[in-house]
Every structure is written in structure tokens, then in C-alpha cells.
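Visitor: Can you read through this structure? Questions will come right after.
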Number of protein chains: 2
Amino acid sequence: MKSTTGRSAIGLDFGTESVRAVVVSLTGRELGSAVVRYRRGQILDRLPGSSHRLPPNFALQDPRDWIDSAAAAVRIVMKAAQRAPEFVVGIGVDFTSCTMLPTKIDGTPLCEIPTLRGNPYAWPKLWKHHGAIAQTNRMNAVARQRKEPWLARYGGVIGLEWFFPKILETLAHAPRVYDAADVWLEGGDWFVWQLVGGDAKQLPRSTCQAGYKALWNAQTGYPPRAYLKAVHPDLADVVTDKMPGVLIPPGQRAGVLCETMARKLGLAAGTPVSAAIIDAHAGVPGAGVSEPGTLVMVLGTSSCHMLNATRETLVPGVAGVVKDGILPGFFGYETGKAAVGDAFAWYRELVGHRDFKRLDDAARKLPPGSEGVLCMDWFNGCRTPLMDGSLKGAITGLTLAHRAEHGYRAVLEASAFGLRWIVDLLRGGGVPVKKFVATGGLPHHNPLLVRIYADVLGEDIEVHPSTQGPALGAAILGALAAGSARTGFESTADAIEQMAGRARRQSRLVRPAMRNVKAYAPVYRKYRELAAEIAAT
Amino acid sequence: MKSTTGRSAIGLDFGTESVRAVVVSLTGRELGSAVVRYRRGQILDRLPGSSHRLPPNFALQDPRDWIDSAAAAVRIVMKAAQRAPEFVVGIGVDFTSCTMLPTKIDGTPLCEIPTLRGNPYAWPKLWKHHGAIAQTNRMNAVARQRKEPWLARYGGVIGLEWFFPKILETLAHAPRVYDAADVWLEGGDWFVWQLVGGDAKQLPRSTCQAGYKALWNAQTGYPPRAYLKAVHPDLADVVTDKMPGVLIPPGQRAGVLCETMARKLGLAAGTPVSAAIIDAHAGVPGAGVSEPGTLVMVLGTSSCHMLNATRETLVPGVAGVVKDGILPGFFGYETGKAAVGDAFAWYRELVGHRDFKRLDDAARKLPPGSEGVLCMDWFNGCRTPLMDGSLKGAITGLTLAHRAEHGYRAVLEASAFGLRWIVDLLRGGGVPVKKFVATGGLPHHNPLLVRIYADVLGEDIEVHPSTQGPALGAAILGALAAGSARTGFESTADAIEQMAGRARRQSRLVRPAMRNVKAYAPVYRKYRELAAEIAAT
């Protein structure tokens, strides 16, 4: 192995309100970390400089914020790291998704064109933008009607937050904006394109974003023209006319840093840049997980579970299976729950307890099954496996003897049952699931949740010590993009082990208690019956 | 009409914690009212003078308390009324039911016999005593197996709180007590027997208690020997051997006050005494209701709905139809809900809001249907129509956007939907339901509830101004027992009109809003679907 003394990689983690930058040495030492908020944050009510209210369900961002906040964050961390720019071997970028935008052929966002600046549809739509309800329904109906074979890859349902429904929404409501767009692309891809520069024909699109959010797969590409035409005649040629670029897996080189952006960021021109990755998915390498069969759970307001497998198996209800979607060489599986930390916070608000500790203590003392209280936590719809945002939550089995803590524990248990359902589904479909790693902020704030997860699954859970997994994961991908000659890493697994292995070995292992595992078996069956009842109404 | 100047009647209303006495003039003026608590209250944990814990689900009372508290209350009200005892034309008694006890042949409660005093089964079991779960199941199973025809009269189900399961419980757990009992009888009947004295063969049993709680009906009497024998060989002859007495409808004379009790109460020996009535049922005359087709709802922690009809129709799910059960000359129907005020208090406790007004205000502003939140209020099981104490409550349709007030309104709406179900059932079975009178404390504390009841039923509701209906009802029955020669009342209806008509005419009328009536129709259908789902699991 060559000496890599002093060499490091930069990870940029673009979130909903802010961007985080980290500088990490190739030996896994974090040399600097900084979070810089976006000046405009989320644009939810009014466009900047406008007094008109946005339509309901709108959630936009300003692409200037991405550049400005990233530049500020990189300058801060480079100063903290006390490294010359030449020691940075590569840059990785993770981004919320599907956050997407229309641009001109040179990459200029339409919202920066004065004649379009006042039109909300010219702005980047944030992942959580929910304006495309009718369009999502239309796309699903046409796909089902035509029995489109690629639909199985997405668990049989196109999501409301995905790429094509968001395009179709603009076509339907703002055809002038649609016509003015030369390029439709993901925010992460746009940022990487800005970093590396170059022609739109070569703009680097991530297989991760394309695979999970834009109905793309390595075998058959994007949905066929005939389908898109059936959805809307003017959408027929959107792929060939308005989606130029090349598809590159995360961890492979998208290009090298251009002069313009090198000056903005204070880095060296020519530094290799990885293709982008979805923020949650960056948590897999970030958690030190390179092996297939390990479910990495990012637990926050919602949850996202990622898993690599060596073979592709389509499992009904599993929304995304993408070749090279998370790490090169594997089939990446993504599943998730729409309300996790959000659901707990909502319940605590409902019961008027802001004293988390008291409620938590009382819930901890209850036996598995919450003395008969059973919850369905579809308070924000169901992501995996039913992919139905209209489904609602419920709390059942209630008697006058139950108190606030019974419902609280039942909400935690519902979260665990939902996870078990997903794991059963994957295993039943032939996808090996062998280990469990919990990351994100929630496992640290809520150890009872992890205890219940372990007991309901009957499996050990590693609670990863870091809460900044995605930014580290992005840095690892940046290092991979630099190539083994520069880093000395022999493989993807080696890079992950060198840069994130030590932290993973500091995980706290939560083991199931067999008495509780047994006690949960009949409660889980009741949960599944409740799910079937609610889904049927 | 003869002059009735100064004449009055006494009503005694025996509750769970205390007895209320009222003196009411024959013109309907309340001359005095007093509540005296029982010294021992409910006996829930330990027998008086004992350190042994009672078995779970036990709830007992001390018959000495009934005598002592009633004597104190009557002396207080007579003093307040400033009437000589001779002006009291009659005495009426209402009582919680089924509160029952075993006695010796002379009426001495077994719990007053030194050798039995330490045995919990020798004590009166309060209505809410729930020790007879296994025995209730046994009696229902045998009745269903034998296709007992009288079961239809009770909606197809024998209740956990009824007379025979409580006897069987003692036979099963304390055969020595069972053997020592010469007489099994209701607390109300025991108290009336104490008032009038006399031989056990003539002890006055109320058709009301017998009909609603002891499987008796005027046509075929108590359950047949063959059924009781099939339940338990030693129970075969309980009716002939251990249930002496004569059946007398409320409002008919059980006898006249004996010397002993006249001295205790400070009243005149020879004063006529009515047969007892269940406390809730006394609320019908107490509310000024004498006409058939008016549903009198006593709304408190639970609810009890009484209705008189001119014809007998057996309706599946309606627990009791008793000839002369409420008022002489009618078939009395009883239905009810097991958690009403209890359910609202429980929910308010759950959500940590002790500020009733704020929650009430917020719930009032929500539209019918609580923006999708739907509740099943079986938090204490389901009384009418499913008669199943094991059923549980649920709150469904929940999303992260819902707040505490949504669930609260949904609980109120569930209460209304449950009432509508009962009304639909009665009408569908051919029992006319034309008017609605709400009594008890709850309608005054919770006007939003009455508003929702009106909107869900699509009917006017009279909110009766008095919260002391049962005691007044008992007084009216006392006056009826005196006979028309002494009171001048031409009929039962005339007595009710004279003594309780004025108060009823002061009822507040709550009319339904047609827009809301329409809005509730589809929500009610969903409620019925939810009920079917929960009952099926």
C-alpha cells in the first residue's frame, strides 16, 4: 500500500435546510465538519421577492443557496483541517432526492432567467414538494393499464415525490416553463455538473437518483416513449429531448473540479469528483457497511432502509432495486417508513407530554404488546410495502385502563412491526437480510425504540455511533472517484473499511431478549391483520 | 280533584356512594333534598375489619349503610320540608342494580352473621362487581346450546352484572355461603322489604329488577329448572328454594311502613311504599315522561336509555324488554352504552388536557366527521347492541395533521353514532322512537355532546333541566302507591304530569342542523363498518 499520509477527501451532504461539509483523512479521521444553512431555506409560502402565495403542497429551493452554502462550508472545513487543497484527493456529493429542476442547455436554472423568475414552476422542487398528486395518479393508472413490466421494479407503484410526476406537473400547469426547459435533472446531478463543468451531453447523472426516483434501470433504461406518450403526448420525447447526459454510479468519477468552482470553493482545479448519491444512501458507506445482506436503517423523522445484494430479485412492495444504486457492483434495495420520529413527536404532542423522559420511562415498564393497545403508524401514509400516501393511522385495543404511555409504546411497536414486515417481505422474496445497522439521530435519542426493534425482529442491532453518516459516505465516494492509484484502496470494501470501519466497530450492540421475541409473535400477527383491515377500507 | 294541599311524597335514590332523599309536593315542588354518603362507601379492597385483600373485580356494599344513610337523609329532608309525617302520602325507592345479596329467611344479611362476616361472598355484591366472568360465560354457553327461547328477550346475551351469574359465582367459589342463604334478592327489594316488614313469602320483588337483571318475564317467569340444572346441578331449584316473594311493578304498593322503620326514619307507620325500581329507570317518570315512544337518556359516566312501548317486540341486541318494567301498563325497553362520560374523561386524561373549555372550543370548531378521525368508543366494552364486555375501543383515520381536539370530537361522535345504532335497531325492529329526552349531569356540562347527538340522529333533543330525575321519579312512584283516593291523580300519566311536567316544559330544545345531518350520514356508515371489523377480530 502506498503512503497516504495527510491525504483526505471531502464529503458534501445537501439537506433540506442546510449543507454539511466534512474533510476526512483516508485513515478515517474527521479533520473538519461544518453546517451552513441555506439563505432562503425551504421556499414554502412565497417566492423570493414576491407577495403571491405559492399553491398548496409546494416546497421549493434556490440553487444559488446550494452553491453559496457549499462554498462557505468547504472554506470553513478546509481552514479547520489545516490541509492544503492538494491533499484533497476527491470530492463526493450526496443530496436530498428527488429534488429536481429545469435548466437551459448551459445549466442555468430557469428560475435565474428574469422572465421566468416569477413562475414557481421554474424553481427547483424539493423532494417533499407534493404538487403532483393528479400527475402521479395518472402515471400509475396508465402504467397499470398498459401492464408496464418495469413497474414491478418499483413495487408496482410510482411515488408522488418522484422525477417524472414532477415534470408532468409542470407540463400540465406551466407549459411555457416546460417548453423553456432544455434539461430536467436532479439537484445532486446539477451540483456535480456545476463542479465538473462541460457540455450538457456529458452531464453526469447518478444511477442512484435515476434508479430510485426516475424509473431508470441499467437493463432497459428510462420508461419507453410509448408509455410516456400515453401519459401525455408532449411528454413522449422528454427523455431524448430534455434529459441529456451520461449515467454514472456513485463512487465513479463524474469529472474533475473546473476552474470556476475551484475558485469558489477554494479547492484545486482537477480534483476528482464522484457522481452524486441520494443522502440516505450515502449512509451505507458512511456507516462502514460494504457487505451485502446488511440492512442500514437511517432513522429520523422518517426512515430509509438500504441493503445491498449480489443478485437482483424483484419483490412486490419493495420500491426500488437499482444496479450500482448504492455501491458499485451490487444491487441496491431501498425501503422505508413515512413517519418514524415524526410519528413519535406527533403522539407526544397529542398527549400533551413534553416531558419525554417520564413518558419513555412509563412506556419502558410496560410489557411487549402494550397491554393490548395496537397501533398502525400510517400517520403519513404507508411507504413500504403499500406505497399509498392516503392510508391513515389508528390506535386500537383501547380501554379506560390505558394511559398515555400505552399508546406511546404502541406507536414504537408499530414502527418495529412495520420494519419486520419489510424484512419478512425481502427474505420471503429471496433477498438475504443478515445484519442490522441503525444510524441517524433517533437511535441515540430513543434507545427504547432500538430495544423494541431488536425484540420484534429477534435480531441483533448495531447502533452506529456517528450521526453524520451521509457526509462521511459522500467523502468515501469522493475518495473512490480518485482511484486506487491515488488512495491505495484496493476495493470499495477496502475504502469503506479504512475510512469508516473503526467507527462501526464502536457500535453499541442491542441484542433481543428471547422472552420478548416470543411475546411479540402473536402481536405482530394482529398488527398484520390490522394492516389488512385498514388497507381494505 | 280533591285538595292535596301540603301533601307530598318521599323518593329515596340509592346510588353507588350515597343515598339521596327528596320530599316533593304533589304539585311538583321540591320541599327538601339531601345526600348522605355511605359510611363504608364501596368495598373494593378489604372487608371492614379485615386485612385480607378481596379477589380482583370485587365490589361490595354494607347493607347497614343503606339503612343508616337513608334514615339520616329522610330526617334531614323532613326537617327542611317542615311537614308533619302525616303529610307524606307515600314512599318510593330506586336502587342501583343488579346490586344483590343473600339473607336468612328473616331478611338478616348473611354478612351480619358472625360466622360468615369474614367471607366476601356473604356481602352484597354491587352492580359493578365483575367477579362472575366464568359463570356468565357458562350461563350463556348453556343457554345458546339449549336454544333457550327467553334469551331473545335479553338481546341474546346474559350480562356479567346480572343476578343469576352473581349467584352462580357464590355457588362456585363459596358453596357454604350459598347453602347458608335462605333468600337471594336485589338490594332495592331488600330495602323495601325492610320498610314494609313481613314474611319472606310475601317479600315484594320489583318486576323492574327481576325483568332487567334476573331473566324474569311476566309470561313465563324465571328461567326453567331444566336450564338452571344444566348450568349447575345445585342451581336447579334456586328459584323455588331461595327466591321467595311476590312480583310487584314499580308504582304499585309493596306494603306500608312498619313500626320499626317508621321510628328509624321519623315517618308515620302505615305510609304506603311502592315496589322498588332501578335507579336509571326512575328517571323516566322523574323526567316527566309518561308517553310511549320517548327515549329517556340518562347520560353520566355510562348511559342508560329507557323507552316505553304499547306492544312487545323482541329486537336482537336490545337487552331488556319488560312488561311493567318502568311504568305500569307499558313494555319497558332498556338499552345503554358502557362508557360515555367515562370515555370523555379518559380521553381528556390521555391527552393531558385538564382545561376542558379549550379542548371543547377547539373540538366545536371542527366539522362533522372530525376531519377523518373516527372513533369506536368501546373503551369499557359494548353494552347495546353487542353485549360484549371484552370489545375494545379504537381511534382511526389518524394523520400527523390531527390534534388532540380531533380525537376528542371523534369520541363524542362515536357516542352519538352508538346511540343512532340503537335507535335504528329499535325502529328497524318495529319499536316506535319519536322523541328524545336527555337527563343526568352530562348534558349540562357538555352541550357540544347534545348538539352532536341531535345532528347525528337528525332529531330534536329535549335537555331536561333537573339532574335529580331518579329521586323525583321514586317520589312519583311513592305517590302512585298511595292510590288516587289519597292523591287525586287520575292515572300514572296524570301523576307524572302534575309532579314532573312543569320541569320538563323548561327543557332546552336542541334542534339538528340539516347541513350537519347530511354530513354525518357517510361518517355513520364508516362507523358501522369499523364496528363490524372490530367485532369480527
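Quick note on naming: the chains in the C-alpha cells go A, B, ... in the order shown, residues restart at 1 in each chain, and ligands are numbered from 1 in order of appearance.
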Mind checking DSSP for region 248-487 of chain B and telling me the helix (DSSP H, G or I) residues as a PyMOL selection string?
Guide: chain B and resi 259-265+279-286+341-350+356-365+370-372+404-428+442-445+447-457+469-482+484-487
Visitor: Please tabulate, as a Markdown table, the residues of chain A that come within 8 Å of chain B, each with its closest pair of atoms and the distance in Å to one decimal, counting only C-alpha atoms and ordering rows by chain, then residue number upward.
Guide:
| residue | atom | partner | partner_atom | distance |
| --- | --- | --- | --- | --- |
| A:Asp342 | CA | B:Leu400 | CA | 7.7 |
| A:Ala343 | CA | B:Leu400 | CA | 6.9 |
| A:Trp346 | CA | B:Leu400 | CA | 6.1 |
| A:Glu349 | CA | B:Arg403 | CA | 8.0 |
| A:Leu350 | CA | B:Ala404 | CA | 5.1 |
| A:Val351 | CA | B:Val351 | CA | 3.6 |
| A:Gly352 | CA | B:Gly352 | CA | 5.0 |
| A:His353 | CA | B:Gly352 | CA | 6.9 |
| A:Trp378 | CA | B:Thr399 | CA | 7.2 |
| A:Phe379 | CA | B:Thr399 | CA | 3.9 |
| A:Asn380 | CA | B:Thr399 | CA | 5.8 |
| A:Gly381 | CA | B:Thr399 | CA | 7.9 |
| A:Lys392 | CA | B:Gly397 | CA | 4.9 |
| A:Gly393 | CA | B:Leu398 | CA | 4.6 |
| A:Ala394 | CA | B:Thr396 | CA | 4.0 |
| A:Ile395 | CA | B:Ile395 | CA | 5.2 |
| A:Thr396 | CA | B:Ala394 | CA | 4.0 |
| A:Gly397 | CA | B:Lys392 | CA | 4.8 |
| A:Leu398 | CA | B:Gly393 | CA | 4.6 |
| A:Thr399 | CA | B:Phe379 | CA | 3.9 |
| A:Leu400 | CA | B:Phe379 | CA | 5.3 |
| A:Arg403 | CA | B:Leu350 | CA | 5.8 |
| A:Ala404 | CA | B:Leu350 | CA | 5.1 |
| A:Glu533 | CA | B:Glu533 | CA | 7.5 |
Visitor: Need to verify the contact set: region 69-86 of chain A, 10 Å, only C-alpha atoms, exclusion of same-chain residues closer than 4 positions in sequence. Can you return it as a ChimeraX atom specification?
Guide: /A:6-8,10-14,18-25,30-39,64-65,90,191,261-271
Visitor: Please provide the set of residues having any atom within 7 Å of region 445-456 of chain A, restricted to only C-alpha atoms, with same-chain residues fewer than 2 positions apart removed, written as a PyMOL selection string.
Guide: chain A and resi 364+412-413+416-417+441-443+458-461+510-513+516-517+520
Visitor: Which parts of region 174-344 of chain B does DSSP call strand (DSSP E or B) when run on the backbone here, written out as number ranges by chain?
Guide: B: 183-186, 204-206, 217, 221, 246-248, 250, 253-256, 272-275, 277-278, 294-299, 303-309, 320-323, 331-337
Visitor: Could you check how far CA of Ala172 (chain B) sits from CA of Gln135 (chain B), in Å to one decimal?
Guide: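 Calculated distance between CA of Ala172 (chain B) and CA of Gln135 (chain B) is 8.4 Å.
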Visitor: What is the CA of Asp388 (chain B)-CA of Gly159 (chain B) distance in Å, reported with one decimal?
Guide: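 The value is 8.4 Å.
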Visitor: Can you pull out every residue within 9 Å of Pro204 (chain B), counting only C-alpha atoms, but drop anything in the same chain fewer than 4 positions away, and send it as a list in words?
Guide: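 These residues fall inside the cut-off: Asp189, Trp190, Val192, Trp193, Val196, Ala200, Gly245, Val246, Leu247, Ile248, Ala254, Gly255, Ala275 and Ala276 of chain B.
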